[in-house]
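This report concerns only the one structure given below.
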Amino acid sequence: MSVRHIALLRHELNLRNAAYASALGLPHAETYGDFPVVVYKPCVEKQKHGNFFDASYAAIVNQAEWKCRLKKVHSQARRSLPQKDSGWKELDSSMSSDALLMNVFCCPGVVQSPTLALKLGFEVGDVPQFGFRARIPRDDRRVDRTEVDMKLGTLLAESKLTEADFQSQSALLVESYRDLSEVFDQEPLPRVNGQYVSYQLIRNVLIAYFLGLSFCVLLDARRPDLLESWYAIMRCVRIAELRTRCKILTWQELAFYLPEDLQSFLDQKYGIVYPGRTPSPCSTVDDVE
């Protein structure tokens with residue numbers, strides 16, 4: 001059941017981040033309510049941020065387009081975080097999948113890895129674009145402008161961590177997409193109460209088709225519910241060649257190809273380790289420099 005998977009992962013991440021922040025003396029707060037979330041404050045004077053791997057953060061603040069992503073306001077800050085500390089941002093949250101994405105792909109050396117480039121399908125040295133603005137053509141000759149989490153060369157990526165699902169959307173909107181019937185067998189596409197579920201997957205597959213790109217979902221291995229949603233949509237893709245351009249990869253599988261110090265960060269803070277390794281205990285933080 002997806003609710004259970006989400007609750008367990010959020011609980012583990014909060015335990016890990018509470019221990020991590022305490023061990024390193026990182027400025028942070030917890031959201032109010034029954035299910036608190038650790039939210040970090042940047043250490044301006046030290047050019048550090050508790051929610052980011054140091055090398056990744058240094059790269060982010062030195063790249064204007066990446067730095068802009070840090071400015072997105074936390075939508076629930078007013079009612080869930082201390083008001084004496086104003087200026088909370090969305091990527092300050094320990095549950096942010098966008099922060100996780102940037103931690104990995106902004107880290108120096110990652111996009112220079114030939115092995116990872118071959119695994120994901122981008123060119124060595126391609127520069128990540130976060131919040132890529134894509135366009136989906138509609139039947140009425142208009143286009144939808146929509147945001148994709150990352151574009152890396154010819155690769156589009158959707159990042160997931162503790163999000164509930166891939167969102168739902170009205171049939172009226174989804175069925176207005178020009179290429180829907182060409183790309184998908186519409187009848188078996190999953191729907192609930194008249195809305196298409198896993199809308200983000202449908203949308204991104206359509207973008208990949210229209211732009212001639214590949215598409216990858218990055219998710220946590222502790223979320224088998226999202227994996228099931230992926231296969232429910234992929235079964236409906238009519239074009240075999242397009243299915244080969246659509247892939248799914250867990251953060252755990254991705255970790256195998258990353259620098260060792262980044263692997264250690266992901267282990268301590270997220271409990272993400274590559275298959276065959278055991279994550280560090282989530283109630284303590286050991287060997288953190």
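Residues are referred to by chain and number: the chain letter is A, B, ... according to the order shown in the structure tokens, the number counts from 1 in that chain, and ligands are numbered separately from 1 in the order shown.
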Residue neighbourhood Leu258 of chain A, 9 Å, only C-alpha atoms, exclusion window fewer than 2 positions, as a PyMOL selection string
chain A and resi 104+109-110+113+116+254-256+260-263
Just write the chosen residues, C-alpha atoms, as a short mmCIF file (atom, residue, chain, number, x, y, z; two decimals), in the first residue's frame.
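Dumped to out_14.cif:
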data_model
loop_
_atom_site.label_atom_id
_atom_site.label_comp_id
_atom_site.auth_asym_id
_atom_site.auth_seq_id
_atom_site.Cartn_x
_atom_site.Cartn_y
_atom_site.Cartn_z
CA VAL A 104 23.84 13.97 -7.43
CA GLY A 109 32.80 14.57 -11.84
CA VAL A 110 29.40 12.91 -12.05
CA SER A 113 31.68 9.67 -15.89
CA LEU A 116 27.22 6.73 -15.99
CA LEU A 254 22.62 5.00 -9.44
CA ALA A 255 24.72 5.22 -6.26
CA PHE A 256 27.05 2.50 -7.57
CA GLU A 260 32.75 7.51 -2.80
CA ASP A 261 32.36 10.68 -0.73
CA LEU A 262 29.01 11.39 -2.37
CA GLN A 263 28.00 7.77 -1.72
#
Residues near Lys151 of chain A, anyone? I mean within 10 Å using only C-alpha atoms, not counting same-chain ones fewer than 2 positions away, as a PDB file with N, CA and C atoms, in the first residue's frame.
ATOM      1  N   PHE A 122      23.457   9.862 -21.869  1.00  0.00           N
ATOM      2  CA  PHE A 122      23.807  11.241 -22.182  1.00  0.00           C
ATOM      3  C   PHE A 122      25.264  11.287 -22.611  1.00  0.00           C
ATOM      4  N   ASP A 126      27.819  16.759 -20.681  1.00  0.00           N
ATOM      5  CA  ASP A 126      26.557  17.488 -20.840  1.00  0.00           C
ATOM      6  C   ASP A 126      26.235  18.217 -19.534  1.00  0.00           C
ATOM      7  N   VAL A 127      25.712  19.431 -19.653  1.00  0.00           N
ATOM      8  CA  VAL A 127      25.407  20.244 -18.471  1.00  0.00           C
ATOM      9  C   VAL A 127      23.927  20.084 -18.105  1.00  0.00           C
ATOM     10  N   PRO A 128      23.618  19.693 -16.880  1.00  0.00           N
ATOM     11  CA  PRO A 128      22.219  19.522 -16.485  1.00  0.00           C
ATOM     12  C   PRO A 128      21.449  20.839 -16.505  1.00  0.00           C
ATOM     13  N   GLN A 129      20.212  20.778 -16.995  1.00  0.00           N
ATOM     14  CA  GLN A 129      19.267  21.883 -16.909  1.00  0.00           C
ATOM     15  C   GLN A 129      18.160  21.445 -15.962  1.00  0.00           C
ATOM     16  N   PHE A 130      17.972  22.183 -14.886  1.00  0.00           N
ATOM     17  CA  PHE A 130      16.939  21.841 -13.915  1.00  0.00           C
ATOM     18  C   PHE A 130      15.711  22.712 -14.140  1.00  0.00           C
ATOM     19  N   GLY A 131      14.526  22.084 -14.067  1.00  0.00           N
ATOM     20  CA  GLY A 131      13.305  22.828 -14.355  1.00  0.00           C
ATOM     21  C   GLY A 131      13.209  23.161 -15.833  1.00  0.00           C
ATOM     22  N   PHE A 132      13.528  22.183 -16.673  1.00  0.00           N
ATOM     23  CA  PHE A 132      13.501  22.381 -18.126  1.00  0.00           C
ATOM     24  C   PHE A 132      12.072  22.650 -18.592  1.00  0.00           C
ATOM     25  N   ARG A 133      11.889  23.724 -19.326  1.00  0.00           N
ATOM     26  CA  ARG A 133      10.574  24.102 -19.834  1.00  0.00           C
ATOM     27  C   ARG A 133      10.314  23.420 -21.174  1.00  0.00           C
ATOM     28  N   ALA A 134       9.424  22.453 -21.160  1.00  0.00           N
ATOM     29  CA  ALA A 134       9.096  21.708 -22.376  1.00  0.00           C
ATOM     30  C   ALA A 134       7.719  22.132 -22.881  1.00  0.00           C
ATOM     31  N   VAL A 148       9.969  19.922 -16.619  1.00  0.00           N
ATOM     32  CA  VAL A 148      10.567  18.616 -16.379  1.00  0.00           C
ATOM     33  C   VAL A 148      11.711  18.814 -15.390  1.00  0.00           C
ATOM     34  N   ASP A 149      11.859  17.901 -14.435  1.00  0.00           N
ATOM     35  CA  ASP A 149      12.838  18.089 -13.362  1.00  0.00           C
ATOM     36  C   ASP A 149      14.249  18.345 -13.882  1.00  0.00           C
ATOM     37  N   GLY A 153      21.466  16.730 -21.730  1.00  0.00           N
ATOM     38  CA  GLY A 153      21.684  16.361 -23.122  1.00  0.00           C
ATOM     39  C   GLY A 153      20.383  15.906 -23.748  1.00  0.00           C
ATOM     40  N   THR A 154      20.339  14.659 -24.200  1.00  0.00           N
ATOM     41  CA  THR A 154      19.130  14.106 -24.817  1.00  0.00           C
ATOM     42  C   THR A 154      18.283  13.319 -23.824  1.00  0.00           C
ATOM     43  N   LEU A 155      18.585  13.454 -22.543  1.00  0.00           N
ATOM     44  CA  LEU A 155      17.869  12.724 -21.497  1.00  0.00           C
ATOM     45  C   LEU A 155      16.966  13.652 -20.692  1.00  0.00           C
ATOM     46  N   LEU A 156      15.705  13.265 -20.528  1.00  0.00           N
ATOM     47  CA  LEU A 156      14.793  13.921 -19.592  1.00  0.00           C
ATOM     48  C   LEU A 156      14.692  13.056 -18.348  1.00  0.00           C
ATOM     49  N   ALA A 157      14.655  13.675 -17.165  1.00  0.00           N
ATOM     50  CA  ALA A 157      14.583  12.899 -15.932  1.00  0.00           C
ATOM     51  C   ALA A 157      13.518  13.458 -14.996  1.00  0.00           C
ATOM     52  N   GLU A 158      12.776  12.561 -14.390  1.00  0.00           N
ATOM     53  CA  GLU A 158      11.795  12.891 -13.353  1.00  0.00           C
ATOM     54  C   GLU A 158      12.316  12.323 -12.043  1.00  0.00           C
ATOM     55  N   LEU A 213      13.621  12.591 -27.558  1.00  0.00           N
ATOM     56  CA  LEU A 213      14.543  12.408 -26.443  1.00  0.00           C
ATOM     57  C   LEU A 213      14.268  11.095 -25.725  1.00  0.00           C
ATOM     58  N   SER A 214      15.138  10.758 -24.781  1.00  0.00           N
ATOM     59  CA  SER A 214      14.891   9.628 -23.899  1.00  0.00           C
ATOM     60  C   SER A 214      14.364  10.149 -22.568  1.00  0.00           C
ATOM     61  N   PHE A 215      13.801   9.265 -21.769  1.00  0.00           N
ATOM     62  CA  PHE A 215      13.158   9.657 -20.519  1.00  0.00           C
ATOM     63  C   PHE A 215      13.472   8.633 -19.437  1.00  0.00           C
TER      64      PHE A 215
END
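Near Cys107 of chain A, within 7 Å and counting only C-alpha atoms, sit Ala55, Ser56 and Asn103 of chain A, not including residues fewer than 4 positions from it in the same chain.
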Would you list the contacts of Asp225 of chain A as a PDB file with N, CA and C atoms, in the first residue's frame, taking every protein, DNA or RNA residue within 9 Å and counting only C-alpha atoms, but skipping same-chain residues closer than 4 positions in sequence?
ATOM      1  N   MET A   1       0.852  -1.197   0.000  1.00  0.00           N
ATOM      2  CA  MET A   1       0.000   0.000   0.000  1.00  0.00           C
ATOM      3  C   MET A   1       0.888   1.248   0.000  1.00  0.00           C
ATOM      4  N   SER A   2       0.639   2.173  -0.902  1.00  0.00           N
ATOM      5  CA  SER A   2       1.525   3.313  -1.094  1.00  0.00           C
ATOM      6  C   SER A   2       1.642   4.178   0.151  1.00  0.00           C
ATOM      7  N   HIS A   5       4.289   2.765   2.410  1.00  0.00           N
ATOM      8  CA  HIS A   5       5.647   2.967   1.882  1.00  0.00           C
ATOM      9  C   HIS A   5       6.097   4.407   2.112  1.00  0.00           C
ATOM     10  N   ASP A 165       2.584  10.228  -5.428  1.00  0.00           N
ATOM     11  CA  ASP A 165       2.355   9.534  -6.693  1.00  0.00           C
ATOM     12  C   ASP A 165       2.864  10.396  -7.842  1.00  0.00           C
ATOM     13  N   SER A 229       3.392   1.850 -10.678  1.00  0.00           N
ATOM     14  CA  SER A 229       2.751   2.890 -11.496  1.00  0.00           C
ATOM     15  C   SER A 229       3.477   3.053 -12.828  1.00  0.00           C
ATOM     16  N   TRP A 230       4.793   2.976 -12.780  1.00  0.00           N
ATOM     17  CA  TRP A 230       5.600   3.092 -14.000  1.00  0.00           C
ATOM     18  C   TRP A 230       5.221   2.008 -15.005  1.00  0.00           C
TER      19      TRP A 230
END
For segment 189-264 of chain A against segment 135-138 of chain A, with a cut-off of 10 Å and counting only C-alpha atoms, what is the closest atom pair and its distance in Å to one decimal for every residue that makes the cut, ordered by chain and number, as JSON lines?
{"residue": "A:Arg203", "atom": "CA", "partner": "A:Ile136", "partner_atom": "CA", "distance": 7.9}
{"residue": "A:Asn204", "atom": "CA", "partner": "A:Ile136", "partner_atom": "CA", "distance": 9.1}
{"residue": "A:Leu206", "atom": "CA", "partner": "A:Ile136", "partner_atom": "CA", "distance": 7.2}
{"residue": "A:Ile207", "atom": "CA", "partner": "A:Ile136", "partner_atom": "CA", "distance": 6.1}
{"residue": "A:Ala208", "atom": "CA", "partner": "A:Ile136", "partner_atom": "CA", "distance": 9.7}
{"residue": "A:Tyr209", "atom": "CA", "partner": "A:Ile136", "partner_atom": "CA", "distance": 9.8}
{"residue": "A:Phe210", "atom": "CA", "partner": "A:Ile136", "partner_atom": "CA", "distance": 7.4}
{"residue": "A:Leu211", "atom": "CA", "partner": "A:Arg135", "partner_atom": "CA", "distance": 9.0}
Selection file, N, CA and C atoms, as a PDB file, in the first residue's frame:
ATOM      1  N   ARG A 203       2.696  12.582 -19.486  1.00  0.00           N
ATOM      2  CA  ARG A 203       3.181  13.856 -20.021  1.00  0.00           C
ATOM      3  C   ARG A 203       4.631  13.754 -20.486  1.00  0.00           C
ATOM      4  N   ASN A 204       5.489  13.154 -19.667  1.00  0.00           N
ATOM      5  CA  ASN A 204       6.909  13.121 -20.013  1.00  0.00           C
ATOM      6  C   ASN A 204       7.209  12.157 -21.161  1.00  0.00           C
ATOM      7  N   LEU A 206       5.151  11.737 -23.619  1.00  0.00           N
ATOM      8  CA  LEU A 206       4.733  12.527 -24.779  1.00  0.00           C
ATOM      9  C   LEU A 206       5.798  13.556 -25.161  1.00  0.00           C
ATOM     10  N   ILE A 207       6.420  14.168 -24.167  1.00  0.00           N
ATOM     11  CA  ILE A 207       7.496  15.129 -24.442  1.00  0.00           C
ATOM     12  C   ILE A 207       8.672  14.419 -25.110  1.00  0.00           C
ATOM     13  N   ALA A 208       9.049  13.247 -24.563  1.00  0.00           N
ATOM     14  CA  ALA A 208      10.155  12.484 -25.148  1.00  0.00           C
ATOM     15  C   ALA A 208       9.859  12.125 -26.598  1.00  0.00           C
ATOM     16  N   TYR A 209       8.620  11.760 -26.883  1.00  0.00           N
ATOM     17  CA  TYR A 209       8.223  11.418 -28.253  1.00  0.00           C
ATOM     18  C   TYR A 209       8.310  12.642 -29.157  1.00  0.00           C
ATOM     19  N   PHE A 210       7.752  13.742 -28.715  1.00  0.00           N
ATOM     20  CA  PHE A 210       7.697  14.951 -29.538  1.00  0.00           C
ATOM     21  C   PHE A 210       9.087  15.520 -29.820  1.00  0.00           C
ATOM     22  N   LEU A 211       9.973  15.492 -28.824  1.00  0.00           N
ATOM     23  CA  LEU A 211      11.303  16.074 -28.961  1.00  0.00           C
ATOM     24  C   LEU A 211      12.367  15.064 -29.397  1.00  0.00           C
TER      25      LEU A 211
END
d(atom CA of Pro259 of chain A, atom CA of Val37 of chain A) in Å
27.5 Å
Would you mind listing what lies within 12 Å of Pro36 of chain A as an NGL selection string, with only C-alpha atoms counted and same-chain residues fewer than 4 positions away left out?
:A and (7 or 10-15 or 17-18 or 29-32 or 80-81 or 93-95)
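Take the candidates A:Arg191, A:Lys160, A:Lys247, A:Arg223 and check each one against Val174 of chain A using only C-alpha atoms; the shortest distance goes to A:Arg191.
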Select from segment 9-52 of chain A everything DSSP, run on the backbone, classes as strand (DSSP E), then give the selection as a PyMOL selection string.
chain A and resi 28-30+38-40+42-43+48-49
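The set of residues in segment 107-169 of chain A assigned to helix (DSSP H, G or I) by DSSP, using only backbone atoms of this structure, is A:Pro114, A:Thr115, A:Leu116, A:Ala117, A:Leu118, A:Lys119, A:Leu120.
Each of A:Ile239, A:Leu201, A:Ala171, A:Leu218 was checked against Phe184 of chain A using only C-alpha atoms; the smallest atom-to-atom distance is that of A:Ile239.
The smallest atom-to-atom distance between Phe35 of chain A and any of A:Leu70, A:Glu187, A:Leu8, A:Phe53, using only C-alpha atoms, is found for A:Leu8.
Of the listed residues (A:Ile202, A:Leu161, A:Ala117, A:Ala21), A:Leu161 comes nearest to Asp220 of chain A; the distances count only C-alpha atoms.
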